[in-house]
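Since the structure comes first, as structure tokens, the remarks are kept for the end.
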Amino acid sequence: MPAKFDFHVHTVYSDGDGTAAAMVEAAGARGLGAVALTDHGPELSVGTPREKLTPMLQDIELAREDAGIPVLAGIEANVVDESGAIDVDHEFIEKLDILVAGIHKLGKATDPVELSRDYLGRATKAIERHEIDVFAHPFYFHHYLAPHLLREELEGFVKLAAERGVAVELNMKYKAPDEDFLRLCLCEGVKLSVGTDAHTVAEVGRVDWALAVLRRVGAREEDLILKQFL
Ligand SMILES: [Zn+2]
Ligand SMILES: [Zn+2]
């Protein structure tokens, strides 16, 4: 049974309900092996304001002091446009333990195939350009987009993720990606991460769905990103 961990957690710095200390305490109480605090980057309407980024890291530092488990300082950066740009700079990223990135905004396409290609293009550029550790809720944008893409398009993304050392997240909130996609990841050697996307203390570390999926797709301990951060 792979170790339980949660590398996608929000706090009051963005749109979460709990403080860093409260989220970390809940993670420890649920028996997690490690937790990462990953508030939204500044470009999202509910994101962490730029002037709060440094206080946020200081708060994580304090929460870490009392924690019985490893606590990673992270952020869920936004991929902001077609060029794959993200909303935090290199200098800030250097201060983090883990960089999670996700797509929360796309262009105006309404056709699902076009929308999915827009997503794929942005995701590809983002992982080419930045040292992203975890790609959050892959191919989920209001609904799950991967079925609208060709197998070779998904393969191209997965191969690039493997090459760039980007882990793919099993996101508890959106129950994405699907098992076919995860099997493809395992086949190409992409590491997997687990994130509840918790916004409340009650949600932190509730990873049962992810553990069941990991078991079904045959993921082993060495397929998980956890070890890299311990
Ligand atoms: Zn997100
Ligand atoms: Zn999130």
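Labels for the structure tokens follow display order: chains A, B, ..., residues from 1 in each chain, ligands from 1.
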
Give me the residues of chain A that have any atom at most 12 Å from an atom of ligand 2; for each, the nearest atom pair and the distance in Å, rounded to one decimal. Use only C-alpha atoms and all ligand atoms, sort by chain and number, and format it as CSV.
```
residue,atom,partner,partner_atom_place_in_ligand_line,distance
A:Asp6,CA,ligand 2,1 (Zn),11.6
A:Phe7,CA,ligand 2,1 (Zn),9.9
A:His8,CA,ligand 2,1 (Zn),6.2
A:Val9,CA,ligand 2,1 (Zn),6.6
A:His10,CA,ligand 2,1 (Zn),6.4
A:Thr11,CA,ligand 2,1 (Zn),10.0
A:Ser14,CA,ligand 2,1 (Zn),9.5
A:Asp15,CA,ligand 2,1 (Zn),9.1
A:Gly16,CA,ligand 2,1 (Zn),9.3
A:Ala36,CA,ligand 2,1 (Zn),11.5
A:Leu37,CA,ligand 2,1 (Zn),9.9
A:Thr38,CA,ligand 2,1 (Zn),7.2
A:Asp39,CA,ligand 2,1 (Zn),6.9
A:His40,CA,ligand 2,1 (Zn),6.5
A:Gly41,CA,ligand 2,1 (Zn),9.8
A:Leu44,CA,ligand 2,1 (Zn),10.8
A:Val46,CA,ligand 2,1 (Zn),10.9
A:Gly47,CA,ligand 2,1 (Zn),10.0
A:Thr48,CA,ligand 2,1 (Zn),11.9
A:Gly74,CA,ligand 2,1 (Zn),11.3
A:Ile75,CA,ligand 2,1 (Zn),9.0
A:Glu76,CA,ligand 2,1 (Zn),6.3
A:Ala77,CA,ligand 2,1 (Zn),9.3
A:Asn78,CA,ligand 2,1 (Zn),10.0
A:Val100,CA,ligand 2,1 (Zn),9.1
A:Ala101,CA,ligand 2,1 (Zn),9.2
A:Gly102,CA,ligand 2,1 (Zn),8.1
A:Ile103,CA,ligand 2,1 (Zn),10.1
A:His104,CA,ligand 2,1 (Zn),9.5
A:Val134,CA,ligand 2,1 (Zn),11.8
A:Phe135,CA,ligand 2,1 (Zn),10.9
A:Ala136,CA,ligand 2,1 (Zn),7.5
A:His137,CA,ligand 2,1 (Zn),8.4
A:Pro138,CA,ligand 2,1 (Zn),11.8
A:Tyr140,CA,ligand 2,1 (Zn),11.8
A:Glu169,CA,ligand 2,1 (Zn),11.0
A:Leu170,CA,ligand 2,1 (Zn),11.9
A:Asn171,CA,ligand 2,1 (Zn),8.9
A:Met172,CA,ligand 2,1 (Zn),10.2
A:Lys173,CA,ligand 2,1 (Zn),8.7
A:Tyr174,CA,ligand 2,1 (Zn),10.2
A:Val194,CA,ligand 2,1 (Zn),11.9
A:Gly195,CA,ligand 2,1 (Zn),8.4
A:Thr196,CA,ligand 2,1 (Zn),8.3
A:Asp197,CA,ligand 2,1 (Zn),4.6
A:Ala198,CA,ligand 2,1 (Zn),7.3
A:His199,CA,ligand 2,1 (Zn),7.9
A:Thr200,CA,ligand 2,1 (Zn),11.6
A:Val204,CA,ligand 2,1 (Zn),11.9
```

Inset, instruction - Pick out the residues sitting within 8 Å of A:Leu149, and hand them over as an MDAnalysis selection string; count only C-alpha atoms, and ignore anything fewer than 5 positions along from it in its own chain. - result: chainID A and resid 113 116:117 154

Create the file for the chosen residues now, containing C-alpha atoms and written as an mmCIF file, in the first residue's frame.
```
data_model
loop_
_atom_site.group_PDB
_atom_site.id
_atom_site.type_symbol
_atom_site.label_atom_id
_atom_site.label_comp_id
_atom_site.auth_asym_id
_atom_site.auth_seq_id
_atom_site.Cartn_x
_atom_site.Cartn_y
_atom_site.Cartn_z
ATOM 1 C CA VAL A 113 -12.252 19.427 -29.237
ATOM 2 C CA SER A 116 -9.172 20.449 -25.377
ATOM 3 C CA ARG A 117 -6.494 21.364 -27.943
ATOM 4 C CA LEU A 154 -2.067 12.482 -24.947
#
```

Applying 7 Å and only C-alpha atoms, which residues near A:Leu32 remain after dropping the ones on its own chain fewer than 4 positions away? List them as a CSV table (one decimal) with C-alpha atoms, in the first residue's frame.
```csv
chain,number,residue,atom,x,y,z
A,4,LYS,CA,-0.6,8.5,2.1
A,5,PHE,CA,0.3,12.0,1.2
A,27,ALA,CA,-2.8,16.3,7.8
A,28,GLY,CA,-0.8,14.9,10.7
A,205,GLY,CA,-5.7,14.0,3.6
```

Legend entry - Long-range neighbours of A:Leu57 as a list in words, 9 Å cut-off, only C-alpha atoms, 3 positions minimum in chain: Lys52, Leu53, Thr54, Ile60, Glu61, Leu62, Ala73, Gly74, Lys95 and Leu96 of chain A

Next, write the just-selected residues to a file, as a PDB file, in the first residue's frame, keeping N, CA and C atoms as the atom set.
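For reference, part_4.pdb as written:
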```pdb
ATOM      1  N   LYS A  52       1.302  39.121  -0.479  1.00  0.00           N
ATOM      2  CA  LYS A  52       1.119  38.119   0.595  1.00  0.00           C
ATOM      3  C   LYS A  52       1.972  36.863   0.389  1.00  0.00           C
ATOM      4  N   LEU A  53       2.705  36.824  -0.721  1.00  0.00           N
ATOM      5  CA  LEU A  53       3.461  35.595  -1.016  1.00  0.00           C
ATOM      6  C   LEU A  53       4.540  35.338   0.036  1.00  0.00           C
ATOM      7  N   THR A  54       5.249  36.385   0.433  1.00  0.00           N
ATOM      8  CA  THR A  54       6.311  36.200   1.434  1.00  0.00           C
ATOM      9  C   THR A  54       5.729  35.872   2.812  1.00  0.00           C
ATOM     10  N   ILE A  60       4.017  29.167   6.536  1.00  0.00           N
ATOM     11  CA  ILE A  60       4.278  27.732   6.306  1.00  0.00           C
ATOM     12  C   ILE A  60       5.469  27.304   7.171  1.00  0.00           C
ATOM     13  N   GLU A  61       6.457  28.173   7.227  1.00  0.00           N
ATOM     14  CA  GLU A  61       7.655  27.904   8.050  1.00  0.00           C
ATOM     15  C   GLU A  61       7.252  27.683   9.517  1.00  0.00           C
ATOM     16  N   LEU A  62       6.375  28.524  10.030  1.00  0.00           N
ATOM     17  CA  LEU A  62       5.904  28.397  11.414  1.00  0.00           C
ATOM     18  C   LEU A  62       5.113  27.104  11.616  1.00  0.00           C
ATOM     19  N   ALA A  73       6.580  23.731   1.274  1.00  0.00           N
ATOM     20  CA  ALA A  73       6.070  25.048   0.885  1.00  0.00           C
ATOM     21  C   ALA A  73       5.886  25.034  -0.629  1.00  0.00           C
ATOM     22  N   GLY A  74       4.641  25.250  -1.060  1.00  0.00           N
ATOM     23  CA  GLY A  74       4.368  25.214  -2.490  1.00  0.00           C
ATOM     24  C   GLY A  74       3.400  26.286  -2.905  1.00  0.00           C
ATOM     25  N   LYS A  95      12.353  29.762  -3.831  1.00  0.00           N
ATOM     26  CA  LYS A  95      12.094  29.676  -2.389  1.00  0.00           C
ATOM     27  C   LYS A  95      11.137  28.529  -2.031  1.00  0.00           C
ATOM     28  N   LEU A  96      10.539  27.921  -3.029  1.00  0.00           N
ATOM     29  CA  LEU A  96       9.544  26.871  -2.778  1.00  0.00           C
ATOM     30  C   LEU A  96      10.196  25.498  -2.698  1.00  0.00           C
TER      31      LEU A  96
END
```

Legend entry - A:Ala3, A:Val12, A:Leu182, A:Ala176 ranked by distance to A:Met56, top pick (using only C-alpha atoms):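 When distances to A:Met56 are compared using only C-alpha atoms, the smallest one comes from A:Val12.
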
Inset, instruction - Taking the DSSP assignment computed from this structure's backbone, write out as a PyMOL selection string all residues of stretch 4-108 of chain A that belong to alpha helix (DSSP H). - result: chain A and resi 20-29+53-66+90-93

Prev. selection, N, CA and C atoms, output as an mmCIF file, in the first residue's frame:
```cif
data_model
loop_
_atom_site.group_PDB
_atom_site.id
_atom_site.type_symbol
_atom_site.label_atom_id
_atom_site.label_comp_id
_atom_site.auth_asym_id
_atom_site.auth_seq_id
_atom_site.Cartn_x
_atom_site.Cartn_y
_atom_site.Cartn_z
ATOM 1 N N ALA A 20 -2.582 27.772 7.695
ATOM 2 C CA ALA A 20 -1.535 26.787 7.387
ATOM 3 C C ALA A 20 -1.393 25.811 8.562
ATOM 4 N N ALA A 21 -1.355 26.357 9.781
ATOM 5 C CA ALA A 21 -1.170 25.508 10.966
ATOM 6 C C ALA A 21 -2.310 24.499 11.108
ATOM 7 N N ALA A 22 -3.551 24.965 10.867
ATOM 8 C CA ALA A 22 -4.711 24.069 11.015
ATOM 9 C C ALA A 22 -4.691 22.961 9.955
ATOM 10 N N MET A 23 -4.315 23.312 8.725
ATOM 11 C CA MET A 23 -4.289 22.312 7.646
ATOM 12 C C MET A 23 -3.205 21.276 7.914
ATOM 13 N N VAL A 24 -2.053 21.746 8.409
ATOM 14 C CA VAL A 24 -0.944 20.831 8.698
ATOM 15 C C VAL A 24 -1.312 19.904 9.856
ATOM 16 N N GLU A 25 -1.969 20.464 10.864
ATOM 17 C CA GLU A 25 -2.373 19.657 12.015
ATOM 18 C C GLU A 25 -3.345 18.551 11.569
ATOM 19 N N ALA A 26 -4.299 18.923 10.714
ATOM 20 C CA ALA A 26 -5.267 17.939 10.213
ATOM 21 C C ALA A 26 -4.565 16.853 9.400
ATOM 22 N N ALA A 27 -3.571 17.260 8.613
ATOM 23 C CA ALA A 27 -2.820 16.291 7.791
ATOM 24 C C ALA A 27 -2.112 15.282 8.692
ATOM 25 N N GLY A 28 -1.517 15.777 9.766
ATOM 26 C CA GLY A 28 -0.827 14.890 10.703
ATOM 27 C C GLY A 28 -1.810 13.945 11.378
ATOM 28 N N ALA A 29 -2.972 14.506 11.783
ATOM 29 C CA ALA A 29 -3.989 13.708 12.482
ATOM 30 C C ALA A 29 -4.544 12.596 11.587
ATOM 31 N N LEU A 53 2.705 36.824 -0.721
ATOM 32 C CA LEU A 53 3.461 35.595 -1.016
ATOM 33 C C LEU A 53 4.540 35.338 0.036
ATOM 34 N N THR A 54 5.249 36.385 0.433
ATOM 35 C CA THR A 54 6.311 36.200 1.434
ATOM 36 C C THR A 54 5.729 35.872 2.812
ATOM 37 N N PRO A 55 4.717 36.620 3.298
ATOM 38 C CA PRO A 55 4.084 36.216 4.561
ATOM 39 C C PRO A 55 3.550 34.781 4.519
ATOM 40 N N MET A 56 3.055 34.355 3.358
ATOM 41 C CA MET A 56 2.549 32.984 3.223
ATOM 42 C C MET A 56 3.670 31.977 3.498
ATOM 43 N N LEU A 57 4.842 32.224 2.916
ATOM 44 C CA LEU A 57 5.965 31.308 3.141
ATOM 45 C C LEU A 57 6.394 31.322 4.609
ATOM 46 N N GLN A 58 6.328 32.491 5.230
ATOM 47 C CA GLN A 58 6.692 32.585 6.653
ATOM 48 C C GLN A 58 5.717 31.788 7.511
ATOM 49 N N ASP A 59 4.447 31.842 7.152
ATOM 50 C CA ASP A 59 3.422 31.082 7.880
ATOM 51 C C ASP A 59 3.632 29.580 7.735
ATOM 52 N N ILE A 60 4.017 29.167 6.536
ATOM 53 C CA ILE A 60 4.278 27.732 6.306
ATOM 54 C C ILE A 60 5.469 27.304 7.171
ATOM 55 N N GLU A 61 6.457 28.173 7.227
ATOM 56 C CA GLU A 61 7.655 27.904 8.050
ATOM 57 C C GLU A 61 7.252 27.683 9.517
ATOM 58 N N LEU A 62 6.375 28.524 10.030
ATOM 59 C CA LEU A 62 5.904 28.397 11.414
ATOM 60 C C LEU A 62 5.113 27.104 11.616
ATOM 61 N N ALA A 63 4.234 26.820 10.645
ATOM 62 C CA ALA A 63 3.416 25.602 10.739
ATOM 63 C C ALA A 63 4.318 24.374 10.763
ATOM 64 N N ARG A 64 5.415 24.451 10.029
ATOM 65 C CA ARG A 64 6.351 23.326 9.930
ATOM 66 C C ARG A 64 7.006 23.027 11.281
ATOM 67 N N GLU A 65 7.283 24.072 12.042
ATOM 68 C CA GLU A 65 7.970 23.904 13.325
ATOM 69 C C GLU A 65 7.225 22.974 14.278
ATOM 70 N N ASP A 66 5.890 23.053 14.257
ATOM 71 C CA ASP A 66 5.101 22.240 15.191
ATOM 72 C C ASP A 66 4.613 20.930 14.572
ATOM 73 N N HIS A 90 10.730 33.372 -11.268
ATOM 74 C CA HIS A 90 11.780 32.420 -10.946
ATOM 75 C C HIS A 90 12.309 32.613 -9.518
ATOM 76 N N GLU A 91 12.456 33.864 -9.144
ATOM 77 C CA GLU A 91 13.001 34.189 -7.827
ATOM 78 C C GLU A 91 12.128 33.603 -6.701
ATOM 79 N N PHE A 92 10.815 33.702 -6.883
ATOM 80 C CA PHE A 92 9.894 33.146 -5.884
ATOM 81 C C PHE A 92 9.925 31.615 -5.920
ATOM 82 N N ILE A 93 9.950 31.066 -7.109
ATOM 83 C CA ILE A 93 9.952 29.599 -7.256
ATOM 84 C C ILE A 93 11.148 28.979 -6.522
#
```

Legend entry - Long-range neighbours of A:Arg216 as a list in words, 12 Å cut-off, only C-alpha atoms, 6 positions minimum in chain: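 Residues meeting the cut-off are Met1, Asp178, Glu179, Asp180, Leu182, Arg183, Trp209 and Ala210 of chain A.
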
Residues from the last selection, N, CA and C atoms, saved as an mmCIF file, in the first residue's frame:
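Writing the result to again31.cif gives the following:
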```cif
data_model
loop_
_atom_site.group_PDB
_atom_site.id
_atom_site.type_symbol
_atom_site.label_atom_id
_atom_site.label_comp_id
_atom_site.auth_asym_id
_atom_site.auth_seq_id
_atom_site.Cartn_x
_atom_site.Cartn_y
_atom_site.Cartn_z
ATOM 1 N N MET A 1 0.858 -1.213 0.000
ATOM 2 C CA MET A 1 0.000 0.000 0.000
ATOM 3 C C MET A 1 0.888 1.256 0.000
ATOM 4 N N ASP A 178 -8.339 10.083 -15.627
ATOM 5 C CA ASP A 178 -8.945 8.756 -15.599
ATOM 6 C C ASP A 178 -7.867 7.661 -15.598
ATOM 7 N N GLU A 179 -8.321 6.431 -15.473
ATOM 8 C CA GLU A 179 -7.363 5.331 -15.310
ATOM 9 C C GLU A 179 -6.558 5.071 -16.578
ATOM 10 N N ASP A 180 -7.168 5.259 -17.751
ATOM 11 C CA ASP A 180 -6.422 5.058 -19.012
ATOM 12 C C ASP A 180 -5.232 6.009 -19.051
ATOM 13 N N LEU A 182 -3.742 7.435 -16.541
ATOM 14 C CA LEU A 182 -2.766 7.070 -15.502
ATOM 15 C C LEU A 182 -1.926 5.868 -15.935
ATOM 16 N N ARG A 183 -2.564 4.924 -16.626
ATOM 17 C CA ARG A 183 -1.817 3.759 -17.116
ATOM 18 C C ARG A 183 -0.771 4.198 -18.143
ATOM 19 N N TRP A 209 -10.116 7.814 -2.543
ATOM 20 C CA TRP A 209 -10.338 7.608 -3.981
ATOM 21 C C TRP A 209 -9.009 7.391 -4.693
ATOM 22 N N ALA A 210 -8.036 8.250 -4.402
ATOM 23 C CA ALA A 210 -6.735 8.153 -5.077
ATOM 24 C C ALA A 210 -6.048 6.827 -4.767
#
```

Legend entry - Distance in Å - atom CA of A:Ala126 versus atom CA of A:Arg50: 20.5 Å

Inset, instruction - Going by DSSP on the backbone, which bits of stretch 22-224 of chain A are strand (DSSP E or B)? Write them as a count of residues only, please. - result: 39

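With only C-alpha atoms and all ligand atoms as the basis for measurement, A:Phe139 is the residue among A:Phe139, A:Glu82, A:Arg30, A:Gly68 that approaches ligand 1 most closely.
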
Inset, instruction - Have a look at A:Gly165, A:Ala85, A:Pro42, A:His148 and name the one nearest to A:Leu115; count only C-alpha atoms. - result: A:His148

Legend entry - Which residue of A:Arg215, A:Arg151, A:Arg220, A:His142 approaches ligand 1 most closely, using only C-alpha atoms and all ligand atoms: A:His142

Selection: 8 Å around A:Thr124, only C-alpha atoms, excl. self and same-chain fewer than 6 positions, as a CSV table (one decimal) with N, CA and C atoms, in the first residue's frame:
```csv
chain,number,residue,atom,x,y,z
A,84,GLY,N,2.2,29.5,-22.3
A,84,GLY,CA,2.5,28.6,-21.1
A,84,GLY,C,3.1,29.4,-20.0
A,157,PHE,N,2.0,14.4,-24.7
A,157,PHE,CA,2.1,15.2,-23.4
A,157,PHE,C,2.7,14.3,-22.4
A,160,LEU,N,6.5,14.0,-22.8
A,160,LEU,CA,7.2,15.2,-22.4
A,160,LEU,C,7.2,15.4,-20.9
```

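Nearest to ligand 1 of all the residues A:Ala123, A:Phe141, A:Phe229, A:Glu203 is A:Phe141, based on only C-alpha atoms and all ligand atoms.
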